[in-house]
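Heads up, the thing below is written out as structure tokens.
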Amino acid sequence: MKALLSIQSLTKRFDGREAVSGVDLDILTGEYFCLLGPSGCGKTTLMRMVAGFETPDSGRMLLEGADLGAVPPQRRPVNMVFQQYALFPHLTVGENIVFGLVMRRAAPATRKRELARLLALTDLEGLEARYPRQLSGGQQQRVALARAIINQPALLLLDEPLAALDKHLRGQMQAELKRLQQETGITFIHVTHDQQEALSLSDRMGVMYQGRLLQAGTPAALYEQPQHPFVASFLGESNLVPVRASAGALFFSDDVPPLRYPYDQAEARWLCLIRPEHIILTAPDSVPADNTYTGNLLQVRYLGATRACEVEAGGVRWQVILPTTQPVPSPGEQVQITIPAAVITLLPPGDEADS
Amino acid sequence: MKRIPESWLILGPGALYLGVFFLIPMLIVAGYSLLEPGPYGGTTGGFTWDNYRALAQPDYLLIVWRSIRLAGWTTVLCLLIAYPVAWTLSRLPAGHQAGWIFVLTLPAWLNLLIKNYAWLILLRKEGPLNTWLQAAGITQAPVEMLFTEGAVILGLVHTYLPFMILPLYVALERIDGRLIEAARDLGGNGWQVFWRVILPQSHAGLRAGLTLVMVPALGSFLTPDLLGGAGAMMIGSLIQEQFFVARNWPLGAALAMTCMALIAGTLRFSRRDGPSDLWQ
């Protein structure tokens, strides 16, 4: 697939501070791309540059091969769903939706036809004469979507589109967004700070932190093969333990038996990532296996489908996630944990690993 | 004991004040306007419509028409100047707005008489403006700027401009910047964004500003007297003249009632809702 939008070493500074620094990113035609990061990481600034509301200090953006640099927002084939929607309060739902067509001086017949199509697509039929303030949050959200796609943009930007909704509605709207993206075939870039949202919606996603794009790829690739401690800790739960690699083993400290790690690895300091669901928890009298440690069960939290346990073993506090179907000893009892070498990922100990 | 409703307690003092100092005097004026003038001031006590019939004289009609015209121009000019100023002000960083508001409302702090005398000096034949125009070679001889309708409008705009800027600023300041971005994002050029998003959302401020300028401009007499002279007399001056110079209180009262009717008409007009949306 070819790149629809190519972002090349894009940088934006506010008061000398780099809000976005040297981001390189290709967005493919027809994909659902999520830009994930904590607040203040630069994801919104990056998107506002794509929309044309901020001017990059350096770097460039190519949309279908054409430089967007000098194109004002109103002439970019890019539309945006704003945070809190930014619906026009003085216009009805119908007027809000056809606004883009009115700006383009489309014929009344076209407006009418397109309005009907979008009302049907976003399930808003019968609400066109209402004002935004008379709608629920979910309905306002759908008006914002309909308004943003009526001009059939090449690219749709969504800035935290679900942040203002309650948790239950958010789930519904996620499904709605995915359906809308598939039905319209428009390329979506969705900015969010919610990792669950990004994982479940994206074809591909990127994680941003302190102005930089740390890694981009499929949700599975980012979750399973993170290349940066921040990506590992921001996506899902993680055990990140500093280790020293030496001769097929990983040392936590000198007085604890090392983890056997039969893969080629440079002798150096690493951060060892082990996902909590990959740790095997057994009773203390189980047959000892490789990479097994005996320790104390400190705490058990019941989460419905799973239980989150905290185990102290080998001088490290481990997070272990087990399916609720597996019985668990009471807190305070002795347990054994086993860490299969195959589930270990070694990451460079970046100084920004402030998980 | 029956409790007095809270709303009465809150509205009571204001209502009393308006009743004593506005409603009753207004009824007295209305009454005077229907009395026959006495030969040496005062009235004979007889009832008559003649005071209103007298207003149909071309002289008076001319003055009424001039009042509407000058007040109208003042309002239009204030609007044209104030809108861009209020808009720019509303988009400044929050910390800078207060200072500019102070600067822009400064003219309102100055005594009206002083402001008008300042214009009197500036606009005279031997005044700085004429001197400068001649020195710059733009005009050969002094231009008669004082005692024209233009001078009156200039003075009125100067006086009432803050009353247009402030309500517009309040309305514009509340417009969410993202709405403007959304309109641009959807393909709106500058003019379309103004017409479809900014203007409709500033209607309340626009109406307030028009009222706050039009109403006092219509009834003003100091500025037309000082800067307009006899040739640019407005209804306010005429009323003042009838009461204090001609000592024809009934005619003055009839004029005052007419002026009030004009103002009431303006208010009524400005309370109408803005144009509803033009598509759909």
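Letters A, B, ... go to the chains of the structure tokens in the order shown; residues in each chain start at 1; ligands are counted from 1 in the same order.
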
Spatial neighbours of Gly42 of chain B, 12 Å, only C-alpha atoms, chain gap at least 6 places, as a ChimeraX atom specification: /B:32-33,35-36,242-244,246-253

Contacts of segment 72-78 of chain A within 8 Å, only C-alpha atoms, excl. fewer than 2 positions in-chain, as a list in words: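 My list of contacting residues is Val50, Ala51, Gly52, Phe53, Leu68, Ala70, Met80, Pro153, Ala154, Leu155, Leu156 and Leu157 of chain A; Arg184, Asp185, Leu186, Gly187, Gly188 and Asn189 of chain B.
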
May I have the residues of chain B within 10 Å of chain A, counting only C-alpha atoms, written as a CSV table (one decimal) with N, CA and C atoms, in the first residue's frame?
chain,number,residue,atom,x,y,z
B,176,ASP,N,-16.0,30.6,20.8
B,176,ASP,CA,-14.9,29.6,21.0
B,176,ASP,C,-14.0,29.6,19.7
B,177,GLY,N,-12.7,29.7,19.9
B,177,GLY,CA,-11.8,29.8,18.8
B,177,GLY,C,-11.9,28.5,17.9
B,178,ARG,N,-12.3,27.4,18.5
B,178,ARG,CA,-12.4,26.1,17.7
B,178,ARG,C,-13.5,26.2,16.7
B,179,LEU,N,-14.5,27.0,17.0
B,179,LEU,CA,-15.6,27.1,16.0
B,179,LEU,C,-15.1,27.8,14.7
B,180,ILE,N,-14.2,28.7,14.9
B,180,ILE,CA,-13.7,29.4,13.7
B,180,ILE,C,-12.7,28.4,13.0
B,181,GLU,N,-12.0,27.6,13.7
B,181,GLU,CA,-11.1,26.6,13.1
B,181,GLU,C,-12.0,25.6,12.4
B,182,ALA,N,-13.1,25.2,13.0
B,182,ALA,CA,-14.0,24.2,12.4
B,182,ALA,C,-14.5,24.7,11.1
B,183,ALA,N,-14.9,26.0,11.1
B,183,ALA,CA,-15.5,26.6,9.9
B,183,ALA,C,-14.4,26.7,8.8
B,184,ARG,N,-13.2,27.0,9.2
B,184,ARG,CA,-12.1,27.0,8.2
B,184,ARG,C,-11.8,25.6,7.7
B,185,ASP,N,-11.8,24.7,8.6
B,185,ASP,CA,-11.5,23.3,8.3
B,185,ASP,C,-12.5,22.8,7.3
B,186,LEU,N,-13.8,23.2,7.4
B,186,LEU,CA,-14.8,22.8,6.5
B,186,LEU,C,-14.8,23.5,5.2
B,187,GLY,N,-13.8,24.4,4.9
B,187,GLY,CA,-13.7,25.0,3.6
B,187,GLY,C,-14.1,26.5,3.6
B,188,GLY,N,-14.4,27.1,4.8
B,188,GLY,CA,-14.8,28.5,4.8
B,188,GLY,C,-13.7,29.5,4.6
B,189,ASN,N,-13.8,30.4,3.7
B,189,ASN,CA,-12.8,31.5,3.6
B,189,ASN,C,-13.1,32.5,4.6
B,190,GLY,N,-12.3,33.6,4.7
B,190,GLY,CA,-12.4,34.6,5.7
B,190,GLY,C,-13.8,35.2,5.8
B,192,GLN,N,-16.7,34.0,4.6
B,192,GLN,CA,-17.7,33.0,4.9
B,192,GLN,C,-17.7,32.7,6.4
B,193,VAL,N,-16.5,32.6,7.0
B,193,VAL,CA,-16.4,32.4,8.4
B,193,VAL,C,-17.0,33.5,9.2
B,196,ARG,N,-21.0,33.5,8.5
B,196,ARG,CA,-21.8,32.3,8.9
B,196,ARG,C,-21.6,31.9,10.4
B,197,VAL,N,-20.4,32.3,10.9
B,197,VAL,CA,-20.1,31.9,12.3
B,197,VAL,C,-20.0,33.1,13.2
B,200,PRO,N,-23.3,35.8,13.3
B,200,PRO,CA,-24.5,35.3,13.9
B,200,PRO,C,-24.4,35.1,15.4
B,201,GLN,N,-23.1,34.8,15.8
B,201,GLN,CA,-22.9,34.6,17.3
B,201,GLN,C,-22.7,35.9,18.0
B,276,SER,N,-32.8,34.8,10.4
B,276,SER,CA,-32.6,33.4,10.6
B,276,SER,C,-31.7,32.8,9.4
B,277,ASP,N,-31.3,31.6,9.6
B,277,ASP,CA,-30.3,31.1,8.7
B,277,ASP,C,-30.8,31.0,7.2
B,278,LEU,N,-29.8,31.2,6.3
B,278,LEU,CA,-30.2,31.5,5.0
B,278,LEU,C,-30.3,30.2,4.1
B,279,TRP,N,-30.0,29.1,4.7
B,279,TRP,CA,-30.2,27.9,3.8
B,279,TRP,C,-31.1,26.9,4.5
B,280,GLN,N,-31.2,25.8,3.9
B,280,GLN,CA,-32.1,24.7,4.3
B,280,GLN,C,-33.4,24.9,3.7

Contacts of Leu303 of chain A within 12 Å, only C-alpha atoms, excl. fewer than 3 positions in-chain, as a PyMOL selection string: chain A and resi 300+306-309+321-324

Okay, now the selection with C-alpha atoms, as a CSV table (one decimal), in the first residue's frame?
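Output saved as selection-v2.csv:
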chain,number,residue,atom,x,y,z
A,300,VAL,CA,-4.7,-10.1,44.9
A,306,THR,CA,-8.9,-11.8,35.5
A,307,ARG,CA,-7.1,-11.4,38.9
A,308,ALA,CA,-4.1,-9.1,39.3
A,309,CYS,CA,-1.6,-10.5,41.8
A,321,ILE,CA,-2.3,-11.6,35.8
A,322,LEU,CA,-4.3,-14.8,35.9
A,323,PRO,CA,-7.6,-15.8,34.5
A,324,THR,CA,-10.3,-15.9,37.2

All strand (DSSP E or B) residues (DSSP, backbone) inside segment 4-233 of chain A, as a ChimeraX atom specification: /A:4-14,17-28,32-36,58-63,66-67,78-82,85,155-159,187-192,204-209,212-217

Sel. of helix (DSSP H, G or I) residues, segment 79-192 of chain A, as JSON, numbers by chain: {"A": [93, 94, 95, 96, 97, 98, 99, 100, 101, 102, 103, 108, 109, 110, 111, 112, 113, 114, 115, 116, 117, 118, 119, 120, 121, 132, 133, 134, 137, 138, 139, 140, 141, 142, 143, 144, 145, 146, 147, 148, 149, 167, 168, 169, 170, 171, 172, 173, 174, 175, 176, 177, 178, 179, 180, 181, 182, 183, 184]}

Selected residues, C-alpha atoms, written as a short mmCIF file (atom, residue, chain, number, x, y, z; two decimals), in the first residue's frame, please.
data_model
loop_
_atom_site.label_atom_id
_atom_site.label_comp_id
_atom_site.auth_asym_id
_atom_site.auth_seq_id
_atom_site.Cartn_x
_atom_site.Cartn_y
_atom_site.Cartn_z
CA VAL A 93 -28.06 19.66 13.29
CA GLY A 94 -28.88 19.72 9.58
CA GLU A 95 -27.19 23.08 9.09
CA ASN A 96 -24.14 21.90 10.99
CA ILE A 97 -23.83 18.81 8.83
CA VAL A 98 -24.17 20.58 5.48
CA PHE A 99 -21.88 23.44 6.54
CA GLY A 100 -18.99 22.10 4.49
CA LEU A 101 -21.16 21.93 1.39
CA VAL A 102 -22.44 25.47 1.96
CA MET A 103 -18.83 26.67 2.16
CA PRO A 108 -29.32 22.94 -2.77
CA ALA A 109 -30.24 19.59 -4.31
CA THR A 110 -26.78 18.23 -3.51
CA ARG A 111 -27.01 19.51 0.05
CA LYS A 112 -30.35 17.86 0.52
CA ARG A 113 -29.21 14.55 -0.91
CA GLU A 114 -25.95 14.49 1.05
CA LEU A 115 -27.70 15.49 4.26
CA ALA A 116 -30.11 12.58 3.90
CA ARG A 117 -27.23 10.20 3.18
CA LEU A 118 -25.23 11.30 6.22
CA LEU A 119 -28.21 11.38 8.58
CA ALA A 120 -28.80 7.76 7.61
CA LEU A 121 -25.13 6.84 7.87
CA PRO A 132 -26.70 20.86 19.29
CA ARG A 133 -27.51 21.78 22.90
CA GLN A 134 -30.66 19.63 22.65
CA GLY A 137 -23.19 13.58 24.02
CA GLY A 138 -23.29 10.57 21.71
CA GLN A 139 -25.57 12.35 19.27
CA GLN A 140 -23.37 15.45 19.24
CA GLN A 141 -20.44 13.19 18.51
CA ARG A 142 -22.24 11.72 15.50
CA VAL A 143 -23.15 15.19 14.22
CA ALA A 144 -19.47 16.15 14.44
CA LEU A 145 -18.58 13.05 12.45
CA ALA A 146 -21.23 13.63 9.81
CA ARG A 147 -20.16 17.27 9.47
CA ALA A 148 -16.53 16.27 9.03
CA ILE A 149 -17.07 13.62 6.36
CA LYS A 167 -17.34 4.69 29.52
CA HIS A 168 -20.34 2.72 28.33
CA LEU A 169 -21.05 5.04 25.42
CA ARG A 170 -17.38 5.11 24.53
CA GLY A 171 -17.46 1.39 23.79
CA GLN A 172 -20.47 1.81 21.50
CA MET A 173 -18.93 4.77 19.71
CA GLN A 174 -15.70 2.84 19.13
CA ALA A 175 -17.64 0.23 17.20
CA GLU A 176 -19.48 3.05 15.41
CA LEU A 177 -16.23 4.76 14.40
CA LYS A 178 -14.76 1.53 13.08
CA ARG A 179 -17.92 0.80 11.08
CA LEU A 180 -18.01 4.33 9.67
CA GLN A 181 -14.36 4.10 8.65
CA GLN A 182 -14.93 0.82 6.88
CA GLU A 183 -18.12 1.97 5.14
CA THR A 184 -16.70 5.25 3.92
#

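The closest residue to Leu206 of chain B, picked from B:Met145, B:Val76, B:Leu55, B:Val103 and counting only C-alpha atoms, is B:Val76.
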
Surrounding residues of Cys34 of chain A excluding itself and chain neighbours under 2 positions, 9 Å, only C-alpha atoms, as a list in words: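 The neighbour list is Tyr32, Leu36, Phe188, Ile189, His190, Val191, Thr192, Glu197, Ala198, Leu199, Leu201, Ser202, Asp203, Arg204, Met205, Gly206 and Val207 of chain A.
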
Put those residues in a file: C-alpha atoms, as an mmCIF file, in the first residue's frame.
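The result, stored in selection_15.cif:
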data_model
loop_
_atom_site.group_PDB
_atom_site.id
_atom_site.type_symbol
_atom_site.label_atom_id
_atom_site.label_comp_id
_atom_site.auth_asym_id
_atom_site.auth_seq_id
_atom_site.Cartn_x
_atom_site.Cartn_y
_atom_site.Cartn_z
ATOM 1 C CA TYR A 32 -7.357 3.462 10.731
ATOM 2 C CA LEU A 36 -1.435 7.423 21.216
ATOM 3 C CA PHE A 188 -8.695 8.018 9.791
ATOM 4 C CA ILE A 189 -6.076 9.465 12.113
ATOM 5 C CA HIS A 190 -7.428 9.226 15.625
ATOM 6 C CA VAL A 191 -5.627 10.960 18.474
ATOM 7 C CA THR A 192 -6.152 9.467 21.912
ATOM 8 C CA GLU A 197 -9.086 2.606 22.500
ATOM 9 C CA ALA A 198 -5.966 2.670 20.342
ATOM 10 C CA LEU A 199 -5.352 -1.063 20.574
ATOM 11 C CA LEU A 201 -9.492 0.485 16.859
ATOM 12 C CA SER A 202 -6.203 0.717 15.003
ATOM 13 C CA ASP A 203 -5.020 -1.014 11.896
ATOM 14 C CA ARG A 204 -1.738 0.599 12.814
ATOM 15 C CA MET A 205 -0.849 2.935 15.616
ATOM 16 C CA GLY A 206 1.960 5.153 16.810
ATOM 17 C CA VAL A 207 3.047 5.997 20.340
#

Shell of 12 Å around Phe251 of chain A, only C-alpha atoms, local chain residues under 6 positions omitted, as a ChimeraX atom specification: /A:241-245,257-261,267-272,291,314-316

Print the selection's residues with N, CA and C atoms to a file, as a PDB file, in the first residue's frame.
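The file below, result.pdb, is the result:
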ATOM      1  N   VAL A 241      12.096  -4.732  34.472  1.00  0.00           N
ATOM      2  CA  VAL A 241      13.110  -4.937  35.508  1.00  0.00           C
ATOM      3  C   VAL A 241      14.491  -4.689  34.916  1.00  0.00           C
ATOM      4  N   PRO A 242      15.302  -3.857  35.576  1.00  0.00           N
ATOM      5  CA  PRO A 242      16.662  -3.663  35.057  1.00  0.00           C
ATOM      6  C   PRO A 242      17.488  -4.936  35.274  1.00  0.00           C
ATOM      7  N   VAL A 243      18.188  -5.377  34.243  1.00  0.00           N
ATOM      8  CA  VAL A 243      19.004  -6.592  34.353  1.00  0.00           C
ATOM      9  C   VAL A 243      20.359  -6.360  33.694  1.00  0.00           C
ATOM     10  N   ARG A 244      21.287  -7.277  33.984  1.00  0.00           N
ATOM     11  CA  ARG A 244      22.583  -7.282  33.317  1.00  0.00           C
ATOM     12  C   ARG A 244      22.671  -8.600  32.571  1.00  0.00           C
ATOM     13  N   ALA A 245      22.930  -8.561  31.260  1.00  0.00           N
ATOM     14  CA  ALA A 245      23.005  -9.788  30.466  1.00  0.00           C
ATOM     15  C   ALA A 245      24.447 -10.267  30.466  1.00  0.00           C
ATOM     16  N   PRO A 257      19.661 -16.018  41.857  1.00  0.00           N
ATOM     17  CA  PRO A 257      19.976 -16.810  40.658  1.00  0.00           C
ATOM     18  C   PRO A 257      19.468 -16.100  39.408  1.00  0.00           C
ATOM     19  N   PRO A 258      20.270 -16.073  38.349  1.00  0.00           N
ATOM     20  CA  PRO A 258      19.857 -15.342  37.154  1.00  0.00           C
ATOM     21  C   PRO A 258      18.791 -16.087  36.366  1.00  0.00           C
ATOM     22  N   LEU A 259      18.127 -15.307  35.490  1.00  0.00           N
ATOM     23  CA  LEU A 259      17.178 -15.914  34.545  1.00  0.00           C
ATOM     24  C   LEU A 259      17.995 -16.540  33.417  1.00  0.00           C
ATOM     25  N   ARG A 260      17.642 -17.772  33.061  1.00  0.00           N
ATOM     26  CA  ARG A 260      18.317 -18.353  31.900  1.00  0.00           C
ATOM     27  C   ARG A 260      17.725 -17.732  30.636  1.00  0.00           C
ATOM     28  N   TYR A 261      18.578 -17.339  29.742  1.00  0.00           N
ATOM     29  CA  TYR A 261      18.109 -16.617  28.540  1.00  0.00           C
ATOM     30  C   TYR A 261      18.969 -17.080  27.372  1.00  0.00           C
ATOM     31  N   GLU A 267      26.588  -8.352  26.095  1.00  0.00           N
ATOM     32  CA  GLU A 267      26.748  -8.180  27.538  1.00  0.00           C
ATOM     33  C   GLU A 267      26.540  -6.708  27.857  1.00  0.00           C
ATOM     34  N   ALA A 268      25.422  -6.414  28.463  1.00  0.00           N
ATOM     35  CA  ALA A 268      25.141  -5.009  28.740  1.00  0.00           C
ATOM     36  C   ALA A 268      23.996  -4.923  29.728  1.00  0.00           C
ATOM     37  N   ARG A 269      23.667  -3.683  30.089  1.00  0.00           N
ATOM     38  CA  ARG A 269      22.503  -3.469  30.954  1.00  0.00           C
ATOM     39  C   ARG A 269      21.266  -3.315  30.073  1.00  0.00           C
ATOM     40  N   TRP A 270      20.188  -3.949  30.481  1.00  0.00           N
ATOM     41  CA  TRP A 270      18.942  -3.918  29.721  1.00  0.00           C
ATOM     42  C   TRP A 270      17.779  -3.710  30.670  1.00  0.00           C
ATOM     43  N   LEU A 271      16.635  -3.365  30.048  1.00  0.00           N
ATOM     44  CA  LEU A 271      15.375  -3.440  30.785  1.00  0.00           C
ATOM     45  C   LEU A 271      14.693  -4.684  30.274  1.00  0.00           C
ATOM     46  N   CYS A 272      14.309  -5.529  31.204  1.00  0.00           N
ATOM     47  CA  CYS A 272      13.709  -6.796  30.835  1.00  0.00           C
ATOM     48  C   CYS A 272      12.199  -6.648  30.961  1.00  0.00           C
ATOM     49  N   ASN A 291      14.084 -21.057  35.480  1.00  0.00           N
ATOM     50  CA  ASN A 291      13.565 -19.709  35.743  1.00  0.00           C
ATOM     51  C   ASN A 291      12.395 -19.709  36.722  1.00  0.00           C
ATOM     52  N   GLY A 314      12.678 -13.197  44.254  1.00  0.00           N
ATOM     53  CA  GLY A 314      13.997 -12.856  43.700  1.00  0.00           C
ATOM     54  C   GLY A 314      14.332 -11.386  43.870  1.00  0.00           C
ATOM     55  N   GLY A 315      13.791 -10.773  44.920  1.00  0.00           N
ATOM     56  CA  GLY A 315      14.076  -9.365  45.166  1.00  0.00           C
ATOM     57  C   GLY A 315      13.344  -8.414  44.244  1.00  0.00           C
ATOM     58  N   VAL A 316      12.342  -8.912  43.531  1.00  0.00           N
ATOM     59  CA  VAL A 316      11.599  -8.058  42.598  1.00  0.00           C
ATOM     60  C   VAL A 316      10.108  -8.206  42.907  1.00  0.00           C
TER      61      VAL A 316
END

For Pro107 of chain B: contacts at 12 Å, only C-alpha atoms, fewer than 3 positions along chain excluded, given as a ChimeraX atom specification: /B:101-104,110-116,118,155-163

Straight-line distance linking atom CA of Glu277 of chain A with atom CA of Asp255 of chain A, stated in Å to one decimal: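 Answer for the atom CA of Glu277 of chain A to atom CA of Asp255 of chain A separation: 26.5 Å.
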
Polymer residues at most 10 Å from Asp24 of chain A, only C-alpha atoms, same-chain spacing of 5 or more positions, as a ChimeraX atom specification: /A:6-11,59-61,212-213,216

Convert the current residue selection to file output with C-alpha atoms, as a CSV table (one decimal), in the first residue's frame.
chain,number,residue,atom,x,y,z
A,6,SER,CA,4.0,11.3,4.4
A,7,ILE,CA,5.2,13.3,7.4
A,8,GLN,CA,9.0,14.0,7.2
A,9,SER,CA,11.1,15.2,10.1
A,10,LEU,CA,8.3,17.5,11.3
A,11,THR,CA,9.2,19.8,14.1
A,59,GLY,CA,10.1,19.3,8.0
A,60,ARG,CA,7.3,18.7,5.6
A,61,MET,CA,4.1,16.9,5.0
A,212,ARG,CA,8.8,12.2,19.6
A,213,LEU,CA,7.2,9.3,17.8
A,216,ALA,CA,4.6,2.9,14.9

Given only C-alpha atoms as the counted atoms, nearest of B:Leu212, B:Cys259, B:Leu168, B:Leu89 to Ile198 of chain B: B:Leu168

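The gap separating atom CA of Asn239 of chain A from atom CA of Ala342 of chain A is 15.0 Å, in Å to one decimal.
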
Atomic distance atom CA of Pro262 of chain A - atom CA of Gln225 of chain A, expressed in Å with one decimal: 18.1 Å

Residue nearest Trp87 of chain B - candidates B:Thr258, B:Thr74, B:Ser237, B:Ser202, atoms counted: only C-alpha atoms: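 Counting only C-alpha atoms, the residue closest to Trp87 of chain B is B:Ser202.
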